[in-house]
file run-v9.cif (mmCIF, C-alpha atoms and all ligand atoms)
data_data
loop_
_atom_site.label_atom_id
_atom_site.label_comp_id
_atom_site.auth_asym_id
_atom_site.auth_seq_id
_atom_site.Cartn_x
_atom_site.Cartn_y
_atom_site.Cartn_z
CA MET M 1 -42.03 -10.99 -22.94
CA THR M 2 -45.82 -10.94 -23.32
CA SER M 3 -48.68 -11.97 -21.12
CA ASP M 4 -49.74 -14.46 -23.77
CA ASN M 5 -47.27 -16.86 -22.18
CA ALA M 6 -49.15 -16.69 -18.90
CA ARG M 7 -52.53 -17.06 -20.56
CA ALA M 8 -51.32 -20.11 -22.41
CA GLY M 9 -50.37 -21.68 -19.09
CA GLY M 10 -46.65 -20.96 -19.54
CA THR M 11 -44.28 -19.25 -17.15
CA PRO M 12 -45.91 -16.34 -15.29
CA VAL M 13 -44.88 -12.97 -16.64
CA ALA M 14 -42.47 -11.07 -14.39
CA LEU M 15 -43.49 -7.41 -14.25
CA SER M 16 -40.50 -5.93 -12.43
CA GLY M 17 -38.05 -4.45 -14.92
CA MET M 18 -40.81 -3.64 -17.45
CA SER M 19 -41.19 -0.13 -18.80
CA LEU M 20 -44.52 1.72 -18.41
CA GLU M 21 -45.20 1.04 -22.08
CA GLU M 22 -44.73 -2.69 -21.53
CA LEU M 23 -46.94 -2.64 -18.44
CA ILE M 24 -49.70 -0.85 -20.39
CA GLU M 25 -49.49 -3.57 -23.04
CA PHE M 26 -49.59 -6.26 -20.34
CA ALA M 27 -52.64 -4.60 -18.74
CA ARG M 28 -54.35 -4.37 -22.14
CA GLN M 29 -53.87 -8.10 -22.67
CA CYS M 30 -55.40 -8.70 -19.23
CA GLY M 31 -58.39 -6.51 -20.11
CA LEU M 32 -57.32 -3.75 -17.73
CA PRO M 33 -57.26 -0.01 -18.58
CA PRO M 34 -53.95 1.93 -18.78
CA PHE M 35 -54.44 3.53 -15.35
CA ARG M 36 -54.10 0.06 -13.79
CA ALA M 37 -50.70 -0.21 -15.50
CA ARG M 38 -49.73 3.13 -13.96
CA GLN M 39 -50.75 1.81 -10.54
CA LEU M 40 -48.63 -1.30 -11.09
CA HIS M 41 -45.76 0.91 -12.24
CA SER M 42 -45.98 3.02 -9.10
CA TRP M 43 -46.11 -0.04 -6.82
CA ILE M 44 -43.14 -1.69 -8.51
CA TYR M 45 -40.83 1.32 -8.89
CA ALA M 46 -41.88 4.06 -6.45
CA ARG M 47 -42.91 1.79 -3.58
CA GLY M 48 -40.77 -1.26 -4.28
CA ALA M 49 -43.55 -3.82 -3.82
CA GLY M 50 -42.40 -7.43 -3.76
CA SER M 51 -45.87 -8.99 -4.18
CA PHE M 52 -49.37 -8.21 -5.47
CA ALA M 53 -50.75 -8.53 -1.92
CA GLU M 54 -49.05 -5.23 -1.05
CA MET M 55 -50.91 -3.37 -3.83
CA THR M 56 -53.85 -2.37 -1.71
CA ASP M 57 -55.40 0.14 -4.10
CA LEU M 58 -56.12 -2.73 -6.50
CA SER M 59 -59.24 -4.75 -5.74
CA ARG M 60 -58.88 -8.27 -4.29
CA GLN M 61 -60.21 -9.67 -7.55
CA ILE M 62 -57.63 -7.84 -9.68
CA ARG M 63 -54.82 -8.86 -7.32
CA ALA M 64 -55.95 -12.49 -7.48
CA ASP M 65 -56.17 -12.36 -11.31
CA LEU M 66 -52.74 -10.77 -11.55
CA ALA M 67 -51.22 -13.34 -9.20
CA GLU M 68 -52.44 -16.10 -11.54
CA ARG M 69 -50.93 -14.51 -14.61
CA ALA M 70 -47.79 -12.80 -13.36
CA THR M 71 -45.18 -12.35 -10.67
CA VAL M 72 -43.60 -9.15 -9.48
CA PRO M 73 -39.86 -9.87 -9.04
CA LEU M 74 -37.96 -11.30 -11.96
CA LEU M 75 -34.74 -12.18 -10.14
CA GLU M 76 -34.44 -14.39 -7.10
CA MET M 77 -31.70 -13.62 -4.61
CA ALA M 78 -29.59 -16.76 -4.16
CA HIS M 79 -26.86 -15.33 -1.96
CA ARG M 80 -25.62 -12.08 -0.44
CA GLN M 81 -22.24 -11.20 1.04
CA LEU M 82 -21.35 -8.17 3.11
CA SER M 83 -17.86 -6.69 2.99
CA THR M 84 -16.16 -5.07 5.98
CA ASP M 85 -16.34 -1.77 4.04
CA GLY M 86 -20.15 -2.04 3.65
CA THR M 87 -20.12 -3.27 0.04
CA ARG M 88 -22.81 -5.87 -0.68
CA LYS M 89 -22.38 -8.51 -3.35
CA TYR M 90 -25.51 -10.26 -4.63
CA LEU M 91 -25.88 -13.49 -6.52
CA PHE M 92 -29.17 -13.53 -8.44
CA ARG M 93 -30.91 -16.48 -10.07
CA LEU M 94 -32.41 -15.61 -13.47
CA PRO M 95 -35.67 -17.08 -14.79
CA GLY M 96 -33.69 -19.65 -16.83
CA GLY M 97 -31.77 -20.76 -13.73
CA GLN M 98 -28.47 -19.07 -14.63
CA MET M 99 -26.74 -16.82 -12.12
CA VAL M 100 -25.38 -13.28 -12.26
CA GLU M 101 -23.75 -11.05 -9.69
CA SER M 102 -24.37 -7.41 -8.82
CA VAL M 103 -22.64 -5.17 -6.30
CA LEU M 104 -23.90 -2.30 -4.14
CA MET M 105 -21.15 0.14 -3.16
CA SER M 106 -21.02 3.15 -0.88
CA PHE M 107 -18.13 5.58 -0.66
CA GLN M 108 -17.24 7.65 2.42
CA ASP M 109 -16.85 10.82 0.37
CA ARG M 110 -20.24 10.42 -1.36
CA PRO M 111 -23.65 10.12 0.30
CA SER M 112 -25.22 8.30 -2.66
CA LEU M 113 -25.10 4.59 -3.42
CA THR M 114 -23.83 3.00 -6.61
CA ALA M 115 -24.99 -0.31 -8.08
CA CYS M 116 -22.66 -2.25 -10.37
CA LEU M 117 -24.81 -4.27 -12.79
CA SER M 118 -24.22 -7.28 -15.01
CA SER M 119 -25.32 -7.19 -18.65
CA GLN M 120 -24.53 -10.79 -19.67
CA VAL M 121 -24.19 -14.23 -18.09
CA GLY M 122 -20.43 -14.73 -18.37
CA CYS M 123 -18.45 -12.86 -21.00
CA ALA M 124 -16.92 -13.67 -24.38
CA VAL M 125 -14.20 -11.01 -24.28
CA GLY M 126 -11.87 -13.10 -22.14
CA CYS M 127 -9.70 -10.43 -20.48
CA THR M 128 -6.84 -12.36 -18.94
CA PHE M 129 -7.06 -10.63 -15.53
CA CYS M 130 -10.84 -11.04 -15.12
CA ALA M 131 -12.66 -13.80 -13.27
CA THR M 132 -15.79 -13.38 -15.42
CA GLY M 133 -13.69 -13.82 -18.55
CA PHE M 134 -12.63 -17.26 -17.26
CA MET M 135 -16.32 -18.34 -17.18
CA GLY M 136 -16.93 -17.95 -20.92
CA PHE M 137 -20.18 -16.60 -22.38
CA THR M 138 -23.65 -18.05 -21.74
CA ARG M 139 -26.23 -15.48 -22.81
CA ASN M 140 -27.28 -11.84 -22.92
CA LEU M 141 -29.53 -10.41 -20.21
CA THR M 142 -32.81 -8.76 -21.20
CA ALA M 143 -33.39 -5.10 -20.35
CA ALA M 144 -35.85 -6.20 -17.64
CA GLU M 145 -33.23 -8.51 -16.10
CA ILE M 146 -30.75 -5.62 -16.01
CA VAL M 147 -33.25 -3.19 -14.45
CA ASP M 148 -34.52 -5.73 -11.91
CA GLN M 149 -31.01 -6.01 -10.45
CA VAL M 150 -31.53 -2.46 -9.16
CA MET M 151 -35.03 -3.22 -7.89
CA ALA M 152 -33.87 -6.41 -6.16
CA ILE M 153 -30.97 -4.54 -4.50
CA GLN M 154 -33.32 -1.79 -3.32
CA ARG M 155 -35.87 -4.31 -2.01
CA ASP M 156 -33.21 -6.20 -0.07
CA SER M 157 -31.22 -3.26 1.29
CA GLY M 158 -34.06 -0.81 1.85
CA LEU M 159 -31.72 1.76 0.30
CA ARG M 160 -32.12 3.91 -2.77
CA VAL M 161 -29.63 3.41 -5.61
CA ALA M 162 -28.55 6.77 -7.08
CA ASN M 163 -25.85 5.76 -9.55
CA VAL M 164 -25.45 2.78 -11.86
CA VAL M 165 -22.33 1.44 -13.52
CA TYR M 166 -22.48 -1.30 -16.16
CA MET M 167 -19.25 -2.87 -14.95
CA GLY M 168 -20.43 -6.22 -13.61
CA GLN M 169 -20.36 -9.45 -15.58
CA GLY M 170 -20.37 -9.15 -19.36
CA GLU M 171 -19.49 -6.70 -22.10
CA PRO M 172 -22.42 -4.22 -22.27
CA LEU M 173 -21.77 -3.20 -25.87
CA LEU M 174 -22.05 -6.81 -27.06
CA ASN M 175 -25.63 -6.56 -25.74
CA VAL M 176 -26.10 -2.96 -26.76
CA GLU M 177 -29.81 -2.89 -27.67
CA GLU M 178 -30.93 -4.34 -24.31
CA VAL M 179 -28.48 -2.05 -22.50
CA ILE M 180 -29.97 1.00 -24.25
CA ARG M 181 -33.50 -0.12 -23.35
CA SER M 182 -32.47 -0.68 -19.73
CA VAL M 183 -30.86 2.78 -19.52
CA ARG M 184 -34.14 4.31 -20.68
CA THR M 185 -36.20 2.31 -18.17
CA LEU M 186 -33.82 3.18 -15.33
CA GLY M 187 -34.39 6.86 -16.14
CA GLU M 188 -38.10 6.80 -16.85
CA SER M 189 -39.23 4.26 -14.25
CA VAL M 190 -36.61 3.99 -11.50
CA GLY M 191 -35.58 7.66 -11.48
CA ILE M 192 -31.88 7.16 -12.16
CA GLY M 193 -30.99 9.81 -14.75
CA GLN M 194 -28.61 9.10 -17.61
CA ARG M 195 -25.94 11.40 -16.17
CA HIS M 196 -25.79 9.06 -13.17
CA ILE M 197 -25.12 6.04 -15.38
CA THR M 198 -21.77 4.79 -16.69
CA VAL M 199 -21.49 2.16 -19.42
CA SER M 200 -18.11 0.45 -19.51
CA THR M 201 -16.70 -1.26 -22.59
CA SER M 202 -13.56 -3.17 -23.47
CA GLY M 203 -13.59 -1.25 -26.78
CA ILE M 204 -16.29 -2.75 -29.03
CA VAL M 205 -16.08 -0.13 -31.80
CA PRO M 206 -19.46 -0.87 -33.51
CA GLY M 207 -21.12 -0.75 -30.06
CA ILE M 208 -19.51 2.62 -29.25
CA ARG M 209 -20.79 3.98 -32.57
CA ARG M 210 -24.27 2.56 -31.93
CA LEU M 211 -24.35 4.18 -28.48
CA ALA M 212 -23.17 7.49 -29.99
CA ARG M 213 -26.05 7.40 -32.49
CA GLU M 214 -28.53 6.96 -29.64
CA ARG M 215 -27.20 10.21 -28.08
CA LEU M 216 -27.78 9.13 -24.51
CA GLN M 217 -26.24 11.24 -21.75
CA VAL M 218 -24.47 8.32 -20.08
CA THR M 219 -20.75 8.37 -19.34
CA LEU M 220 -18.80 5.99 -21.56
CA ALA M 221 -15.85 4.29 -19.86
CA LEU M 222 -13.25 2.60 -22.05
CA SER M 223 -11.25 -0.22 -20.46
CA LEU M 224 -8.03 0.57 -22.27
CA HIS M 225 -5.66 -1.30 -19.93
CA ALA M 226 -2.57 -0.88 -22.15
CA PRO M 227 -1.40 1.92 -24.44
CA ASP M 228 0.17 -0.28 -27.14
CA ALA M 229 -1.65 -2.73 -29.41
CA LEU M 230 0.61 -5.69 -28.60
CA THR M 231 0.15 -5.62 -24.79
CA ARG M 232 -3.52 -4.72 -25.16
CA GLY M 233 -4.07 -7.64 -27.52
CA GLN M 234 -2.55 -9.98 -24.93
CA ILE M 235 -4.73 -8.90 -22.00
CA VAL M 236 -7.92 -7.82 -23.85
CA PRO M 237 -8.03 -10.31 -26.76
CA VAL M 238 -11.07 -8.70 -28.44
CA SER M 239 -9.03 -5.53 -29.00
CA ARG M 240 -7.18 -7.25 -31.88
CA LYS M 241 -10.31 -6.75 -34.01
CA TRP M 242 -10.01 -2.96 -34.13
CA GLY M 243 -6.93 -0.79 -34.49
CA THR M 244 -6.05 1.86 -31.91
CA THR M 245 -6.77 4.68 -34.38
CA GLU M 246 -10.23 3.30 -35.14
CA LEU M 247 -10.93 2.94 -31.43
CA MET M 248 -9.79 6.49 -30.64
CA ASP M 249 -11.88 7.83 -33.55
CA SER M 250 -14.99 6.09 -32.20
CA LEU M 251 -14.40 7.70 -28.78
CA LYS M 252 -14.11 11.12 -30.38
CA GLU M 253 -17.36 10.46 -32.25
CA TYR M 254 -19.03 9.58 -28.95
CA TYR M 255 -17.89 12.86 -27.42
CA GLN M 256 -18.99 14.84 -30.47
CA ALA M 257 -22.45 13.21 -30.45
CA THR M 258 -23.09 13.51 -26.71
CA GLY M 259 -20.76 16.16 -25.29
CA ARG M 260 -20.02 13.70 -22.47
CA ARG M 261 -16.49 13.51 -21.08
CA LEU M 262 -15.10 9.96 -21.34
CA THR M 263 -13.46 7.86 -18.67
CA ILE M 264 -10.38 5.83 -19.55
CA GLU M 265 -9.96 2.81 -17.28
CA TYR M 266 -6.48 1.32 -17.00
CA VAL M 267 -5.65 -1.77 -14.95
CA LEU M 268 -2.20 -1.72 -13.34
CA LEU M 269 -0.56 -5.15 -13.59
CA ALA M 270 2.92 -5.31 -12.06
CA GLY M 271 5.58 -5.63 -14.77
CA VAL M 272 2.96 -5.85 -17.54
CA THR M 273 1.14 -2.49 -17.77
CA ASP M 274 2.72 -0.36 -15.03
CA ARG M 275 6.04 0.63 -16.62
CA PRO M 276 6.97 4.35 -16.79
CA GLU M 277 7.29 4.25 -20.58
CA GLN M 278 3.74 2.87 -20.78
CA ALA M 279 2.53 5.78 -18.62
CA GLU M 280 4.19 8.14 -21.12
CA MET M 281 2.49 6.37 -24.05
CA LEU M 282 -0.83 6.54 -22.21
CA ALA M 283 -0.39 10.29 -21.64
CA GLU M 284 0.24 10.79 -25.35
CA LEU M 285 -2.67 8.57 -26.45
CA VAL M 286 -5.31 10.28 -24.28
CA GLY M 287 -3.95 13.80 -24.86
CA GLY M 288 -6.44 14.43 -27.69
CA LEU M 289 -9.49 13.08 -25.86
CA HIS M 290 -11.95 14.81 -23.54
CA CYS M 291 -11.47 12.37 -20.71
CA ASN M 292 -10.44 11.51 -17.17
CA VAL M 293 -8.16 8.58 -16.45
CA ASN M 294 -8.95 6.03 -13.76
CA LEU M 295 -6.15 3.67 -12.73
CA ILE M 296 -7.24 0.33 -11.26
CA PRO M 297 -4.60 -1.54 -9.23
CA TYR M 298 -5.06 -5.24 -10.04
CA ASN M 299 -7.25 -7.33 -7.74
CA PRO M 300 -6.15 -10.94 -7.32
CA THR M 301 -8.24 -13.44 -9.31
CA ARG M 302 -7.65 -17.11 -9.99
CA ASN M 303 -7.95 -18.69 -13.44
CA ARG M 304 -9.49 -22.11 -14.15
CA SER M 305 -6.32 -23.81 -12.91
CA GLY M 306 -6.48 -21.92 -9.62
CA GLU M 307 -3.45 -19.76 -10.42
CA VAL M 308 -3.17 -16.05 -9.65
CA CYS M 309 -2.09 -14.68 -13.03
CA TYR M 310 -0.75 -11.24 -12.19
CA GLN M 311 0.62 -9.19 -9.31
CA ARG M 312 -0.60 -5.88 -7.93
CA PRO M 313 1.99 -3.08 -8.28
CA SER M 314 3.38 -1.44 -5.14
CA LEU M 315 1.79 1.79 -3.96
CA ARG M 316 4.93 3.65 -5.04
CA ALA M 317 4.69 2.19 -8.58
CA GLN M 318 1.00 3.13 -8.75
CA GLN M 319 1.72 6.72 -7.73
CA ARG M 320 4.65 7.05 -10.10
CA PHE M 321 2.51 5.80 -13.00
CA ALA M 322 -0.24 8.29 -12.08
CA GLU M 323 2.25 11.19 -11.95
CA ILE M 324 3.59 10.44 -15.43
CA ALA M 325 0.11 9.85 -16.91
CA ALA M 326 -1.03 13.20 -15.46
CA ARG M 327 1.45 14.96 -17.79
CA SER M 328 -1.33 14.55 -20.37
CA GLY M 329 -3.14 17.36 -18.55
CA LYS M 330 -5.99 14.97 -17.69
CA THR M 331 -7.28 14.23 -14.22
CA VAL M 332 -5.75 10.90 -13.20
CA THR M 333 -7.10 9.05 -10.16
CA ILE M 334 -6.27 5.71 -8.58
CA ARG M 335 -9.51 3.85 -7.94
CA LEU M 336 -10.52 3.29 -4.36
CA GLU M 337 -11.44 -0.38 -4.33
CA ARG M 338 -14.56 -1.66 -2.60
CA GLY M 339 -15.41 -5.20 -1.55
CA THR M 340 -12.02 -6.80 -2.28
CA ASP M 341 -12.46 -9.15 0.71
CA ILE M 342 -15.63 -10.66 -0.80
CA ASP M 343 -14.38 -10.76 -4.42
CA ALA M 344 -16.69 -7.90 -5.37
CA ALA M 345 -14.04 -5.56 -6.73
CA CYS M 346 -13.30 -4.90 -10.38
CA GLY M 347 -12.55 -8.09 -12.34
CA GLN M 348 -13.46 -10.40 -9.44
CA LEU M 349 -17.07 -11.33 -10.26
CA HIS M 350 -17.33 -15.00 -11.07
CA ASN M 351 -20.46 -16.48 -9.43
CA THR M 352 -18.48 -18.03 -6.58
CA TYR M 353 -21.63 -19.58 -5.18
CA THR M 354 -23.02 -21.03 -8.39
CA ALA M 355 -22.21 -24.60 -7.42
CA GLY M 356 -23.73 -24.44 -3.97
CA ALA M 357 -26.71 -22.18 -4.66
S1 LIG X 1 -13.19 -7.29 -17.80
FE1 LIG X 1 -15.28 -7.03 -18.59
S2 LIG X 1 -15.07 -7.38 -20.81
FE2 LIG X 1 -13.20 -8.23 -19.87
S3 LIG X 1 -13.72 -10.42 -19.53
FE3 LIG X 1 -14.23 -9.29 -17.66
S4 LIG X 1 -16.43 -8.84 -17.84
FE4 LIG X 1 -15.66 -9.34 -19.91
#

call {"tool": "encode", "arguments": {"input": "run-v9.cif", "output": "structure tokens"}}
result
Amino acid sequence: MTSDNARAGGTPVALSGMSLEELIEFARQCGLPPFRARQLHSWIYARGAGSFAEMTDLSRQIRADLAERATVPLLEMAHRQLSTDGTRKYLFRLPGGQMVESVLMSFQDRPSLTACLSSQVGCAVGCTFCATGFMGFTRNLTAAEIVDQVMAIQRDSGLRVANVVYMGQGEPLLNVEEVIRSVRTLGESVGIGQRHITVSTSGIVPGIRRLARERLQVTLALSLHAPDALTRGQIVPVSRKWGTTELMDSLKEYYQATGRRLTIEYVLLAGVTDRPEQAEMLAELVGGLHCNVNLIPYNPTRNRSGEVCYQRPSLRAQQRFAEIAARSGKTVTIRLERGTDIDAACGQLHNTYTAGA
């Protein structure tokens, strides 16, 4: 993204989501000194400005020039839903017209707010329990498009996001370079430190190794979902590319490079992944990892034919699975779901309003 586009009469440059470095380059191309970029940076990130008119310490002339060349927000909010538990689900229109969803969650036991971000339009991984997987893949998001989801949520809600999870639409490690750039901008510009960020992956081994080399302090969450290769291959098709040993080795490398405890995510599908013997296998598999285990009772989603593919296990089955998995000595929790009534929970994001937006 450069301001040359705007000068050539193309699409105005969206500044929200840019790093300070990128804003300095934009200012330079506009003939403005670096301190003007720092003013823009402060207005966008510290004060959440949604227009140049709000930037009152810039002269009228500069504001008018900027308004000709650029815009502030990158994403346009197309729809917002509010859950009975306070969760907000957003549908954002991207500059190319495609849509992505983001979710803002609050938890009673935590004062801070968490934003769940998308990293791609659709997803190529095709997990068989996931609504996004049914959409197929369209394109990667840019780092600015990832960061601006946070800014757009903060502008709309008037609330400060403290934690970020890359668990919305898409596989973050199939867009790893833009994800890394966005993590850096979230820390340096938005004030969300790396230890407050979780990147979730279905197990893209080269992406895990790339992230390990970057030595960020983010939490890596692996969506394991089944302890044996056969079941895992059926519900997370991409997992067939890498063996379980290779995957576990890459997780150990991540821990060695960063010192960050991992999170193992495991979806409980009745009769498919919730059997006691699978809990025993899970306990054995994670025994050698520095990790916590997070069990996710399945949330109903419909495939392209409108069928609900799996069933949610009973509470008793969930607890029994957790008890057996805890024999690994790891902390095992059952995820408290947010936003299930508005399809904002894990695996439910699928741009419901795309057609009507
Ligand atoms: S669960 Fe994640 S990786 Fe799997 S299809 Fe859905 S968005 Fe993609």

call {"tool": "closest_residue", "arguments": {"input": "run-v9.cif", "among": "M:Lys89, M:Arg155, M:His225, M:Arg275", "to": "Phe129 of chain M", "atoms": "all atoms listed in the file"}}
result
M:His225

call {"tool": "residues_around", "arguments": {"input": "run-v9.cif", "residues": "segment 30-45 of chain M", "least_positions_apart": "5", "cutoff": "8 Å", "atoms": "all atoms listed in the file", "output": "list in words"}}
result
Ser3, Ser16, Leu20, Leu23, Ile24, Gly50, Met55, Val72, Met151, Ser189 and Val190 of chain M

call {"tool": "residues_near_ligand", "arguments": {"input": "run-v9.cif", "ligand": "ligand LIG 1 (chain X)", "cutoff": "9 Å", "atoms": "only C-alpha atoms and all ligand atoms", "output": "MDAnalysis selection string"}}
result
chainID M and resid 118 120 122:137 167:172 200:203 223 235:238 346:349

call {"tool": "closest_residue", "arguments": {"input": "run-v9.cif", "among": "M:Leu315, M:Val179, M:Ile192, M:Met105", "to": "Ala46 of chain M", "atoms": "all atoms listed in the file"}}
result
M:Ile192

call {"tool": "residues_around", "arguments": {"input": "run-v9.cif", "residues": "segment 249-265 of chain M", "least_positions_apart": "3", "cutoff": "7 Å", "atoms": "only C-alpha atoms", "output": "PyMOL selection string"}}
result
chain M and resi 205+208-209+212+215-217+219-225+245-246+289-295

call {"tool": "closest_residue", "arguments": {"input": "run-v9.cif", "among": "M:Val165, M:Leu15, M:Ala152, M:Val147", "to": "Leu113 of chain M", "atoms": "all atoms listed in the file"}}
result
M:Val165

call {"tool": "atom_distance", "arguments": {"input": "run-v9.cif", "atom1": "atom CA of Asn163 of chain M", "atom2": "atom CA of Ile146 of chain M"}}
result
14.0 Å

call {"tool": "atom_distance", "arguments": {"input": "run-v9.cif", "atom1": "atom CA of Ala143 of chain M", "atom2": "atom CA of Val176 of chain M"}}
result
9.9 Å

call {"tool": "atom_distance", "arguments": {"input": "run-v9.cif", "atom1": "atom CA of Ala226 of chain M", "atom2": "atom CA of Thr301 of chain M"}}
result
18.8 Å

call {"tool": "closest_residue", "arguments": {"input": "run-v9.cif", "among": "M:Glu22, M:Val218, M:Leu75, M:Phe321", "to": "Val100 of chain M", "atoms": "all atoms listed in the file"}}
result
M:Leu75

call {"tool": "residues_near_point", "arguments": {"input": "run-v9.cif", "point": "(-28.1, 4.5, -11.3)", "cutoff": "12 Å", "atoms": "only C-alpha atoms", "output": "PyMOL selection string"}}
result
chain M and resi 104-105+112-117+146-147+149-151+153-154+160-166+182-199+218-219

call {"tool": "axis_aligned_box", "arguments": {"input": "run-v9.cif", "around": "segment 159-175 of chain M", "padding_each_side": "5 Å", "output": "JSON"}}
result
{"center_x": -25.7, "center_y": -1.3, "center_z": -13.4, "size_x": 22.9, "size_y": 26.2, "size_z": 37.4}

call {"tool": "closest_residue", "arguments": {"input": "run-v9.cif", "among": "M:Gly48, M:Pro300, M:Gly243, M:Pro227", "to": "Gln278 of chain M", "atoms": "only C-alpha atoms"}}
result
M:Pro227

call {"tool": "closest_residue", "arguments": {"input": "run-v9.cif", "among": "M:Arg63, M:Asp148, M:Met248, M:Leu58", "to": "Leu94 of chain M", "atoms": "only C-alpha atoms"}}
result
M:Asp148
